[in-house]
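Data block for work.cif (mmCIF, C-alpha atoms):
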```cif
data_protein
loop_
_atom_site.label_atom_id
_atom_site.label_comp_id
_atom_site.auth_asym_id
_atom_site.auth_seq_id
_atom_site.Cartn_x
_atom_site.Cartn_y
_atom_site.Cartn_z
CA MET O 1 0.00 0.00 0.00
CA HIS O 2 2.88 2.33 0.83
CA GLN O 3 4.47 1.75 -2.60
CA ARG O 4 1.13 2.38 -4.36
CA GLN O 5 0.73 5.65 -2.44
CA LYS O 6 4.25 6.74 -3.45
CA GLU O 7 3.45 6.02 -7.10
CA GLU O 8 0.24 8.05 -6.94
CA GLU O 9 2.10 10.98 -5.34
CA PHE O 10 4.76 10.77 -8.05
CA ILE O 11 2.12 10.77 -10.80
CA GLN O 12 0.32 13.80 -9.37
CA GLU O 13 3.56 15.70 -8.72
CA THR O 14 4.93 15.31 -12.24
CA MET O 15 1.60 15.91 -13.96
CA GLY O 16 1.12 19.08 -11.93
CA SER O 17 4.30 20.51 -13.41
CA GLN O 18 2.89 20.72 -16.94
CA GLN O 19 2.12 24.42 -16.53
CA SER O 20 5.70 25.20 -17.65
CA MET O 21 4.80 25.64 -21.31
CA ILE O 22 5.23 28.69 -23.51
CA GLU O 23 3.33 28.55 -26.82
CA GLY O 24 3.79 24.79 -27.18
CA VAL O 25 7.44 24.67 -26.05
CA ILE O 26 7.75 22.81 -22.75
CA GLY O 27 10.53 23.46 -20.26
CA ALA O 28 11.00 24.56 -16.65
CA SER O 29 14.72 23.78 -16.37
CA PRO O 30 17.31 26.55 -15.82
CA ALA O 31 18.53 25.94 -19.39
CA MET O 32 15.09 26.65 -20.83
CA GLN O 33 14.51 29.60 -18.52
CA ARG O 34 17.64 31.16 -20.07
CA ILE O 35 16.13 30.58 -23.51
CA TRP O 36 12.88 32.31 -22.51
CA SER O 37 14.89 35.25 -21.16
CA GLN O 38 16.80 35.58 -24.44
CA VAL O 39 13.62 35.25 -26.50
CA ASP O 40 11.92 37.96 -24.45
CA GLU O 41 14.97 40.19 -24.87
CA VAL O 42 15.43 39.86 -28.62
CA ALA O 43 11.80 39.52 -29.77
CA LYS O 44 11.18 43.20 -29.11
CA THR O 45 13.90 44.17 -31.61
CA ASP O 46 14.35 43.65 -35.34
CA THR O 47 17.73 41.96 -34.86
CA THR O 48 18.77 38.93 -36.90
CA VAL O 49 18.70 35.77 -34.76
CA LEU O 50 20.74 32.59 -35.25
CA LEU O 51 19.29 29.50 -33.55
CA LEU O 52 21.84 26.78 -32.85
CA GLY O 53 21.20 23.25 -31.65
CA GLU O 54 20.84 19.60 -32.51
CA THR O 55 18.10 18.14 -34.69
CA GLY O 56 14.79 17.81 -32.87
CA THR O 57 15.42 20.39 -30.13
CA GLY O 58 12.58 22.67 -31.27
CA LYS O 59 14.47 25.50 -33.00
CA ASN O 60 11.54 26.02 -35.38
CA LEU O 61 9.16 26.46 -32.42
CA VAL O 62 11.47 29.04 -30.82
CA ALA O 63 11.62 30.90 -34.13
CA GLY O 64 7.83 31.03 -34.22
CA ILE O 65 7.66 32.37 -30.66
CA ILE O 66 10.14 35.15 -31.47
CA HIS O 67 7.99 36.18 -34.43
CA ARG O 68 4.73 36.13 -32.47
CA GLN O 69 6.22 38.22 -29.68
CA SER O 70 7.71 40.78 -32.08
CA ALA O 71 6.33 43.98 -33.59
CA ARG O 72 5.97 41.98 -36.85
CA ARG O 73 3.51 39.50 -35.30
CA ASN O 74 0.73 40.60 -37.67
CA GLY O 75 2.96 40.07 -40.70
CA PRO O 76 3.76 36.74 -42.40
CA PHE O 77 6.04 34.08 -40.91
CA ILE O 78 7.68 32.44 -43.92
CA THR O 79 9.70 29.22 -43.47
CA VAL O 80 12.24 27.79 -45.91
CA GLN O 81 13.60 24.30 -45.17
CA CYS O 82 16.99 24.72 -46.85
CA SER O 83 18.05 21.08 -46.52
CA ALA O 84 14.96 19.79 -48.32
CA LEU O 85 15.52 21.60 -51.64
CA THR O 86 18.05 21.24 -54.45
CA GLU O 87 20.19 24.22 -55.41
CA SER O 88 18.03 25.07 -58.43
CA LEU O 89 14.82 24.80 -56.43
CA ILE O 90 16.11 26.82 -53.46
CA THR O 91 17.00 29.69 -55.79
CA SER O 92 13.50 29.73 -57.25
CA GLU O 93 11.95 29.36 -53.77
CA LEU O 94 13.88 32.31 -52.33
CA PHE O 95 13.94 34.72 -55.26
CA GLY O 96 10.88 33.66 -57.23
CA HIS O 97 10.84 33.52 -61.02
CA GLU O 98 9.18 35.07 -64.05
CA LYS O 99 7.10 33.18 -66.57
CA GLY O 100 9.38 31.45 -69.07
CA ALA O 101 12.51 31.88 -66.92
CA PHE O 102 13.30 28.19 -67.40
CA THR O 103 11.68 25.00 -68.68
CA GLY O 104 8.52 24.41 -66.69
CA ALA O 105 8.15 28.03 -65.51
CA THR O 106 4.66 28.45 -66.95
CA ASN O 107 3.66 31.21 -64.53
CA ARG O 108 5.26 33.96 -62.47
CA ARG O 109 6.16 32.69 -58.99
CA ILE O 110 6.55 34.93 -55.93
CA GLY O 111 9.63 34.01 -53.90
CA ARG O 112 9.98 33.72 -50.14
CA PHE O 113 11.90 37.01 -49.84
CA GLU O 114 8.95 38.80 -51.41
CA MET O 115 6.37 36.84 -49.38
CA ALA O 116 8.13 37.75 -46.11
CA ASP O 117 7.75 41.51 -46.65
CA LYS O 118 6.71 43.20 -43.36
CA GLY O 119 7.14 39.86 -41.56
CA THR O 120 9.77 37.27 -40.63
CA LEU O 121 11.78 34.96 -42.87
CA PHE O 122 12.92 31.74 -41.15
CA LEU O 123 15.74 29.90 -42.94
CA ASP O 124 15.90 26.47 -41.30
CA GLU O 125 19.18 24.55 -41.70
CA ILE O 126 20.92 27.49 -43.37
CA GLY O 127 24.22 25.61 -43.10
CA ASP O 128 23.07 23.29 -45.89
CA LEU O 129 22.99 26.05 -48.53
CA SER O 130 25.57 25.88 -51.31
CA LEU O 131 28.30 28.53 -51.46
CA GLU O 132 26.70 30.03 -54.57
CA VAL O 133 23.32 30.46 -52.89
CA GLN O 134 25.08 31.78 -49.77
CA ALA O 135 26.68 34.53 -51.87
CA ARG O 136 23.31 35.56 -53.34
CA LEU O 137 21.70 35.47 -49.91
CA LEU O 138 24.43 37.71 -48.49
CA ARG O 139 23.71 40.37 -51.11
CA VAL O 140 20.00 40.36 -50.24
CA LEU O 141 20.72 40.65 -46.52
CA GLN O 142 23.03 43.60 -47.16
CA THR O 143 20.65 45.56 -49.38
CA ARG O 144 17.20 43.93 -48.95
CA GLU O 145 17.09 44.08 -52.76
CA PHE O 146 16.78 41.14 -55.20
CA GLU O 147 15.62 40.05 -58.64
CA ARG O 148 13.34 37.23 -59.61
CA VAL O 149 14.97 34.52 -61.73
CA GLY O 150 14.52 35.66 -65.35
CA GLY O 151 13.47 39.10 -64.15
CA GLY O 152 15.99 41.13 -66.09
CA ARG O 153 16.76 44.44 -64.42
CA ASP O 154 13.63 44.70 -62.28
CA ILE O 155 14.87 45.29 -58.72
CA LEU O 156 12.51 44.29 -55.90
CA LYS O 157 12.71 45.27 -52.24
CA SER O 158 11.52 43.43 -49.15
CA ASP O 159 11.41 44.47 -45.51
CA PHE O 160 11.77 41.29 -43.48
CA ARG O 161 13.34 40.15 -40.23
CA LEU O 162 15.67 37.15 -40.58
CA ILE O 163 15.80 34.19 -38.23
CA ALA O 164 18.17 31.39 -39.25
CA ALA O 165 18.75 27.99 -37.69
CA THR O 166 21.31 25.22 -38.07
CA ASN O 167 22.42 21.99 -36.44
CA ARG O 168 25.91 22.35 -37.94
CA ASP O 169 29.11 23.80 -36.49
CA LEU O 170 29.36 26.83 -38.79
CA VAL O 171 32.77 27.87 -37.49
CA LYS O 172 34.13 24.45 -38.47
CA ASP O 173 32.36 24.75 -41.85
CA ILE O 174 34.08 28.12 -42.39
CA ASP O 175 37.48 26.52 -41.72
CA GLU O 176 36.62 23.76 -44.19
CA LYS O 177 35.42 26.27 -46.82
CA ARG O 178 31.80 25.07 -46.70
CA PHE O 179 30.30 28.25 -45.27
CA ARG O 180 31.08 31.89 -46.06
CA GLU O 181 32.67 33.79 -43.21
CA ASP O 182 31.07 37.09 -44.24
CA LEU O 183 27.61 35.48 -44.24
CA TYR O 184 28.29 33.97 -40.82
CA TYR O 185 29.00 37.39 -39.32
CA ARG O 186 25.92 38.79 -41.04
CA ILE O 187 23.57 36.20 -39.45
CA ASN O 188 25.34 35.64 -36.12
CA VAL O 189 24.08 38.88 -34.57
CA TYR O 190 22.11 37.37 -31.68
CA PRO O 191 22.80 33.63 -31.28
CA ILE O 192 20.55 31.42 -29.14
CA THR O 193 21.62 27.83 -28.43
CA VAL O 194 18.67 25.52 -27.84
CA PRO O 195 19.95 22.78 -25.49
CA PRO O 196 19.51 19.06 -26.17
CA ILE O 197 17.31 17.00 -23.87
CA ARG O 198 20.29 15.34 -22.15
CA GLU O 199 21.30 18.79 -20.83
CA ARG O 200 17.85 19.50 -19.40
CA ARG O 201 16.68 16.20 -17.97
CA GLU O 202 14.41 18.05 -15.51
CA ASP O 203 12.10 18.72 -18.46
CA ILE O 204 11.69 15.06 -19.48
CA PRO O 205 8.75 14.33 -17.10
CA LEU O 206 6.96 17.44 -18.41
CA LEU O 207 7.44 16.34 -22.01
CA ILE O 208 6.46 12.74 -21.27
CA HIS O 209 3.20 13.74 -19.57
CA HIS O 210 2.41 16.26 -22.31
CA PHE O 211 2.74 13.68 -25.08
CA LEU O 212 1.10 11.00 -22.93
CA LYS O 213 -1.96 13.22 -22.65
CA VAL O 214 -1.93 14.02 -26.38
CA PHE O 215 -1.69 10.41 -27.55
CA SER O 216 -3.92 8.93 -24.83
CA THR O 217 -6.64 11.28 -26.03
CA LYS O 218 -5.92 10.45 -29.67
CA TYR O 219 -6.14 6.68 -29.11
CA GLY O 220 -8.94 6.75 -26.55
CA LYS O 221 -6.92 5.51 -23.57
CA SER O 222 -6.46 6.63 -19.96
CA LEU O 223 -2.91 5.87 -18.87
CA LYS O 224 -0.70 6.70 -15.91
CA ILE O 225 3.05 6.25 -15.80
CA ARG O 226 4.92 4.42 -13.04
CA GLN O 227 7.89 6.01 -11.30
CA GLU O 228 10.38 3.35 -12.43
CA VAL O 229 9.30 3.82 -16.06
CA MET O 230 9.77 7.58 -15.80
CA GLU O 231 13.22 7.05 -14.28
CA GLN O 232 14.22 4.97 -17.32
CA PHE O 233 13.02 7.77 -19.58
CA ILE O 234 15.11 10.26 -17.59
CA ARG O 235 18.25 8.10 -17.78
CA TYR O 236 18.04 7.80 -21.57
CA ASP O 237 20.03 10.42 -23.53
CA TRP O 238 17.45 11.05 -26.31
CA PRO O 239 19.79 11.67 -29.28
CA GLY O 240 16.71 12.61 -31.34
CA ASN O 241 15.63 15.06 -28.62
CA VAL O 242 11.97 16.18 -28.33
CA ARG O 243 11.04 14.53 -31.61
CA GLU O 244 12.30 11.16 -30.36
CA ILE O 245 10.42 11.53 -27.05
CA GLU O 246 7.20 12.24 -28.96
CA ASN O 247 7.66 9.12 -31.11
CA ALA O 248 8.56 6.91 -28.11
CA VAL O 249 5.50 8.00 -26.13
CA GLN O 250 3.26 7.41 -29.13
CA ARG O 251 4.65 3.86 -29.54
CA GLY O 252 4.19 3.21 -25.82
CA VAL O 253 0.59 4.43 -25.78
CA ILE O 254 -0.30 2.26 -28.78
CA SER O 255 1.14 -0.89 -27.16
CA SER O 256 -0.11 -0.23 -23.59
CA ARG O 257 -2.91 -2.29 -22.07
CA GLY O 258 -4.68 -1.63 -18.79
CA GLY O 259 -4.28 1.62 -16.91
CA PHE O 260 -0.49 2.06 -17.00
CA PHE O 261 1.87 3.23 -19.73
CA ARG O 262 4.09 0.50 -21.15
CA LEU O 263 7.74 1.38 -21.72
CA PRO O 264 8.71 0.99 -25.40
CA SER O 265 12.15 -0.14 -26.53
CA LEU O 266 14.56 2.80 -26.34
CA GLY O 267 17.81 1.14 -27.38
CA THR O 268 20.90 0.72 -25.21
CA ALA O 269 23.54 2.98 -26.74
CA HIS O 270 22.36 6.27 -25.23
CA THR O 271 21.80 5.74 -21.51
CA HIS O 272 23.12 8.24 -19.00
CA ASP O 273 24.63 6.18 -16.15
CA ALA O 274 26.28 2.84 -15.47
CA GLN O 275 24.13 1.33 -18.22
CA ALA O 276 26.38 3.11 -20.71
CA GLN O 277 29.10 0.64 -19.68
CA GLY O 278 26.70 -2.31 -20.05
CA PHE O 279 25.67 -2.43 -16.36
CA LYS O 280 22.01 -3.28 -15.90
CA THR O 281 19.72 -1.75 -13.32
CA LEU O 282 18.36 -3.78 -10.40
CA GLU O 283 14.93 -3.84 -12.03
CA GLU O 284 16.32 -5.08 -15.34
CA ASN O 285 18.23 -7.87 -13.58
CA GLU O 286 15.10 -8.82 -11.63
CA ARG O 287 13.01 -8.90 -14.80
CA GLN O 288 15.58 -11.02 -16.63
CA HIS O 289 15.85 -13.41 -13.65
CA ILE O 290 12.07 -13.88 -13.42
CA VAL O 291 11.69 -14.39 -17.18
CA GLU O 292 14.40 -17.06 -17.10
CA ALA O 293 12.68 -18.86 -14.20
CA LEU O 294 9.36 -18.74 -16.06
CA ARG O 295 10.99 -20.07 -19.19
CA ARG O 296 12.51 -23.01 -17.27
CA SER O 297 9.17 -23.78 -15.64
CA ARG O 298 7.36 -23.43 -18.96
CA TRP O 299 5.53 -20.42 -17.49
CA LYS O 300 4.17 -22.39 -14.55
CA ILE O 301 4.15 -20.29 -11.35
CA HIS O 302 2.64 -22.54 -8.65
CA GLY O 303 3.50 -26.02 -7.40
CA PRO O 304 6.52 -28.31 -7.78
CA GLY O 305 8.88 -27.17 -10.48
CA GLY O 306 7.09 -23.82 -10.77
CA ALA O 307 8.87 -20.51 -11.13
CA ALA O 308 8.06 -19.54 -7.52
CA GLU O 309 9.79 -22.69 -6.27
CA ILE O 310 12.80 -22.06 -8.53
CA LEU O 311 13.12 -18.49 -7.22
CA ASP O 312 12.27 -19.56 -3.64
CA ILE O 313 9.56 -16.92 -3.16
CA ASN O 314 5.83 -16.96 -2.42
CA PRO O 315 3.75 -17.54 -5.59
CA SER O 316 1.54 -14.51 -4.84
CA THR O 317 4.65 -12.34 -4.47
CA LEU O 318 5.94 -13.60 -7.81
CA ALA O 319 2.57 -12.97 -9.47
CA SER O 320 2.65 -9.40 -8.12
CA ARG O 321 6.18 -8.82 -9.47
CA ILE O 322 5.21 -10.23 -12.88
CA LYS O 323 2.29 -7.81 -13.06
CA LYS O 324 4.38 -4.82 -11.88
CA LEU O 325 7.18 -5.53 -14.36
CA GLU O 326 4.59 -6.11 -17.12
CA ILE O 327 6.05 -9.50 -18.01
CA GLU O 328 3.90 -11.31 -20.55
CA LYS O 329 4.03 -14.88 -21.79
CA PRO O 330 5.17 -15.03 -25.41
CA ARG O 331 2.36 -15.86 -27.78
CA ARG O 332 2.61 -19.08 -29.77
CA ARG O 333 2.78 -18.71 -33.50
CA SER O 334 -0.17 -20.37 -35.16
CA ALA O 335 0.73 -23.31 -37.36
CA PRO O 336 0.36 -22.73 -41.09
CA ASP O 337 -2.68 -24.28 -42.74
CA SER O 338 -2.07 -27.59 -44.47
CA PRO O 339 -2.17 -27.41 -48.22
#
```

Reformat the file's structure so that it appears as structure tokens.
Amino acid sequence: MHQRQKEEEFIQETMGSQQSMIEGVIGASPAMQRIWSQVDEVAKTDTTVLLLGETGTGKNLVAGIIHRQSARRNGPFITVQCSALTESLITSELFGHEKGAFTGATNRRIGRFEMADKGTLFLDEIGDLSLEVQARLLRVLQTREFERVGGGRDILKSDFRLIAATNRDLVKDIDEKRFREDLYYRINVYPITVPPIRERREDIPLLIHHFLKVFSTKYGKSLKIRQEVMEQFIRYDWPGNVREIENAVQRGVISSRGGFFRLPSLGTAHTHDAQAQGFKTLEENERQHIVEALRRSRWKIHGPGGAAEILDINPSTLASRIKKLEIEKPRRRSAPDSP
């Protein structure tokens, strides 16, 4: 009863912390509080912002918050995913093109520079642009003037605020001649580094409960999460960051039965503790030991030769541990039909 009470207190305590959310971005850790302070500081200006951080950390969400808290909030927020487009396509996307500018250009197309007038232009993964496109981008940032592809001498102007993001080390790319140094200094006016999940583990319970609520509602389930399951989530390093947490919780909700969330497979290469050296937790050893006893007893718990006798514990105690550890008997494969 005491353990059950502790679990209920844990559930209520962590779920009650979900109030730490700003426009869809969850985080109450000191690292995220610094981000909110920087966002509040720079959003009021028209300064160019460079968002740095690993894939999946939520740089695009931070960019959106900066726009919505700025004086340009009523203007457009235009996103360009630089890594998703070829060099020829990115040029047409940014600058636009005139009818007949190239094969397939059957109509005039307005580019993203033009669309972002009086608003914000967000260049996601700017480090993936080619050197040629970087040079053309630099000219636009210097003058806010550009030409559509095939536009002759028609000079267009656009008044936009730039926010750029990258998961690359741009200083290293400059040294290796993959990124222009002059462009780097043009965009690196106000850098904000969005931390990976492993550097803000305090936020993991908030994220887990947020996505648990989202996917439980989506799949029509009502699930709680046990303390030991949450602790395993916290120990994991989450190389895919928030995006990976979202996917893991969705998998777990889909496979969960009963009233408690079932821990999905997270892999073993990214665990923050002795597990990184191949050392298993007490719970993992207990689970493995019980499964082996059940296998030897052919999943018989009671009586002579049963798993309880092998483990030298009371059968009701073993049954309780099996339920708590969510150990299930493997299902037999049905035999193929005879021809």

Query raised in the report: Restricting the calculation to all atoms listed in the file, which member of O:Glu125, O:Glu292, O:Glu231, O:Asp40 is positioned closest to O:Ile208?
Result: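 Distance minimum relative to O:Ile208 lands on O:Glu231.
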
Starting from 6 Å padding per side, set up an axis-aligned box that covers all listed atoms of stretch 69-76 of chain O and hand over centre and edge lengths in Å, one decimal, as AutoDock Vina command-line options.
```
--center_x 4.2 --center_y 40.4 --center_z -36.0 --size_x 19.0 --size_y 19.2 --size_z 24.7
```

Given the PyMOL selection byres ((chain O and resi 158-175) around 8), the residues it picks as a short mmCIF file (atom, residue, chain, number, x, y, z; two decimals) with C-alpha atoms, in the coordinates of the input:
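Output file result34.cif is given in full below:
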```cif
data_model
loop_
_atom_site.label_atom_id
_atom_site.label_comp_id
_atom_site.auth_asym_id
_atom_site.auth_seq_id
_atom_site.Cartn_x
_atom_site.Cartn_y
_atom_site.Cartn_z
CA ASP O 46 14.35 43.65 -35.34
CA THR O 47 17.73 41.96 -34.86
CA THR O 48 18.77 38.93 -36.90
CA VAL O 49 18.70 35.77 -34.76
CA LEU O 50 20.74 32.59 -35.25
CA LEU O 51 19.29 29.50 -33.55
CA LEU O 52 21.84 26.78 -32.85
CA GLY O 53 21.20 23.25 -31.65
CA GLU O 54 20.84 19.60 -32.51
CA THR O 55 18.10 18.14 -34.69
CA LYS O 59 14.47 25.50 -33.00
CA ASN O 60 11.54 26.02 -35.38
CA ALA O 63 11.62 30.90 -34.13
CA PHE O 113 11.90 37.01 -49.84
CA GLU O 114 8.95 38.80 -51.41
CA ALA O 116 8.13 37.75 -46.11
CA ASP O 117 7.75 41.51 -46.65
CA LYS O 118 6.71 43.20 -43.36
CA GLY O 119 7.14 39.86 -41.56
CA THR O 120 9.77 37.27 -40.63
CA LEU O 121 11.78 34.96 -42.87
CA PHE O 122 12.92 31.74 -41.15
CA LEU O 123 15.74 29.90 -42.94
CA ASP O 124 15.90 26.47 -41.30
CA GLU O 125 19.18 24.55 -41.70
CA ILE O 126 20.92 27.49 -43.37
CA GLY O 127 24.22 25.61 -43.10
CA ARG O 144 17.20 43.93 -48.95
CA GLU O 145 17.09 44.08 -52.76
CA LEU O 156 12.51 44.29 -55.90
CA LYS O 157 12.71 45.27 -52.24
CA GLU O 176 36.62 23.76 -44.19
CA LYS O 177 35.42 26.27 -46.82
CA ARG O 178 31.80 25.07 -46.70
CA PHE O 179 30.30 28.25 -45.27
CA ARG O 180 31.08 31.89 -46.06
CA GLU O 181 32.67 33.79 -43.21
CA TYR O 184 28.29 33.97 -40.82
CA ILE O 187 23.57 36.20 -39.45
#
```

Query - Output check: residues returned by the PyMOL selection byres ((chain O and resi 254) around 12), as a ChimeraX atom specification - result: /O:212,215-223,247-253,255-258,260-264

Written file, previous selection with C-alpha atoms, as an mmCIF file, keeping the file's coordinate frame:
```
data_model
loop_
_atom_site.group_PDB
_atom_site.id
_atom_site.type_symbol
_atom_site.label_atom_id
_atom_site.label_comp_id
_atom_site.auth_asym_id
_atom_site.auth_seq_id
_atom_site.Cartn_x
_atom_site.Cartn_y
_atom_site.Cartn_z
ATOM 1 C CA LEU O 212 1.100 11.000 -22.930
ATOM 2 C CA PHE O 215 -1.690 10.410 -27.550
ATOM 3 C CA SER O 216 -3.920 8.930 -24.830
ATOM 4 C CA THR O 217 -6.640 11.280 -26.030
ATOM 5 C CA LYS O 218 -5.920 10.450 -29.670
ATOM 6 C CA TYR O 219 -6.140 6.680 -29.110
ATOM 7 C CA GLY O 220 -8.940 6.750 -26.550
ATOM 8 C CA LYS O 221 -6.920 5.510 -23.570
ATOM 9 C CA SER O 222 -6.460 6.630 -19.960
ATOM 10 C CA LEU O 223 -2.910 5.870 -18.870
ATOM 11 C CA ASN O 247 7.660 9.120 -31.110
ATOM 12 C CA ALA O 248 8.560 6.910 -28.110
ATOM 13 C CA VAL O 249 5.500 8.000 -26.130
ATOM 14 C CA GLN O 250 3.260 7.410 -29.130
ATOM 15 C CA ARG O 251 4.650 3.860 -29.540
ATOM 16 C CA GLY O 252 4.190 3.210 -25.820
ATOM 17 C CA VAL O 253 0.590 4.430 -25.780
ATOM 18 C CA SER O 255 1.140 -0.890 -27.160
ATOM 19 C CA SER O 256 -0.110 -0.230 -23.590
ATOM 20 C CA ARG O 257 -2.910 -2.290 -22.070
ATOM 21 C CA GLY O 258 -4.680 -1.630 -18.790
ATOM 22 C CA PHE O 260 -0.490 2.060 -17.000
ATOM 23 C CA PHE O 261 1.870 3.230 -19.730
ATOM 24 C CA ARG O 262 4.090 0.500 -21.150
ATOM 25 C CA LEU O 263 7.740 1.380 -21.720
ATOM 26 C CA PRO O 264 8.710 0.990 -25.400
#
```

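For the choices O:Ala28, O:Thr91, O:Val189, O:Asn107, the atom-to-atom distance to O:Phe146 is smallest for O:Thr91 when using all atoms listed in the file.
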
Query raised in the report: Taking into account all atoms listed in the file, which residue in the set O:Val194, O:Leu94, O:Ile327, O:Ala135 is nearest to O:Arg148?
Result: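 With all atoms listed in the file as the atom set, the closest residue is O:Leu94.
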
Query - Residues returned when the PyMOL selection byres ((chain O and resi 329) around 12) runs on this file, as a ChimeraX atom specification - result: /O:290-292,294-295,297-301,322-323,326-328,330-332

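Between atom CA of O:Ile225 and atom CA of O:Gly240 the interatomic distance comes to 21.6 Å.
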
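In this structure, atom CA of O:Glu93 sits 5.2 Å away from atom CA of O:Gly111.
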
Write out as a PDB file with C-alpha atoms, in the coordinates of the input the residues lying within 10 Å of O:Ala308, counting all atoms listed in the file and excluding same-chain residues fewer than 3 positions away.
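The new file around-v1.pdb reads:
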```pdb
ATOM      1  CA  ILE O 290      12.070 -13.880 -13.420  1.00  0.00           C
ATOM      2  CA  ALA O 293      12.680 -18.860 -14.200  1.00  0.00           C
ATOM      3  CA  LEU O 294       9.360 -18.740 -16.060  1.00  0.00           C
ATOM      4  CA  SER O 297       9.170 -23.780 -15.640  1.00  0.00           C
ATOM      5  CA  LYS O 300       4.170 -22.390 -14.550  1.00  0.00           C
ATOM      6  CA  ILE O 301       4.150 -20.290 -11.350  1.00  0.00           C
ATOM      7  CA  HIS O 302       2.640 -22.540  -8.650  1.00  0.00           C
ATOM      8  CA  GLY O 303       3.500 -26.020  -7.400  1.00  0.00           C
ATOM      9  CA  PRO O 304       6.520 -28.310  -7.780  1.00  0.00           C
ATOM     10  CA  GLY O 305       8.880 -27.170 -10.480  1.00  0.00           C
ATOM     11  CA  LEU O 311      13.120 -18.490  -7.220  1.00  0.00           C
ATOM     12  CA  ASP O 312      12.270 -19.560  -3.640  1.00  0.00           C
ATOM     13  CA  ILE O 313       9.560 -16.920  -3.160  1.00  0.00           C
ATOM     14  CA  ASN O 314       5.830 -16.960  -2.420  1.00  0.00           C
ATOM     15  CA  PRO O 315       3.750 -17.540  -5.590  1.00  0.00           C
ATOM     16  CA  SER O 316       1.540 -14.510  -4.840  1.00  0.00           C
ATOM     17  CA  THR O 317       4.650 -12.340  -4.470  1.00  0.00           C
ATOM     18  CA  LEU O 318       5.940 -13.600  -7.810  1.00  0.00           C
ATOM     19  CA  ALA O 319       2.570 -12.970  -9.470  1.00  0.00           C
TER      20      ALA O 319
END
```

Query raised in the report: Counting only C-alpha atoms, what is within 12 Å of O:Glu41, bar same-chain residues fewer than 6 positions away, as a PyMOL selection string?
Result: chain O and resi 34-35+47+49+66+69-70+190+192

Query - Among listed residues O:Leu266, O:Leu325, O:Ala84, O:Ala307, nearest O:Asn285 (using all atoms listed in the file) - result: O:Leu325

Which residues are near O:Met115? Cut-off 8 Å, only C-alpha atoms, ignore same chain within fewer than 5 positions. Put them as a PDB file with C-alpha atoms, keeping the file's coordinate frame.
```pdb
ATOM      1  CA  PRO O  76       3.760  36.740 -42.400  1.00  0.00           C
ATOM      2  CA  ILE O  78       7.680  32.440 -43.920  1.00  0.00           C
ATOM      3  CA  ILE O 110       6.550  34.930 -55.930  1.00  0.00           C
TER       4      ILE O 110
END
```

**Report entry** Computed interatomic separation between atom CA of O:Asp182 and atom CA of O:Ile155 (Å)
**Finding:**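 Atom CA of O:Ile155 lies 23.2 Å from atom CA of O:Asp182.
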
Query raised in the report: Of the residues O:Gly64, O:Ile197, O:Val149, O:Ile90, which is the one nearest to O:Arg109, using all atoms listed in the file?
Result: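 The shortest atom-to-atom distance to O:Arg109 comes from O:Val149.
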
Query raised in the report: Leaving out O:Ala31 and any residue of its chain fewer than 6 positions from it, which residues lie within 9 Å of it when counting only C-alpha atoms, given as number ranges by chain?
Result: O: 194-195, 199-200
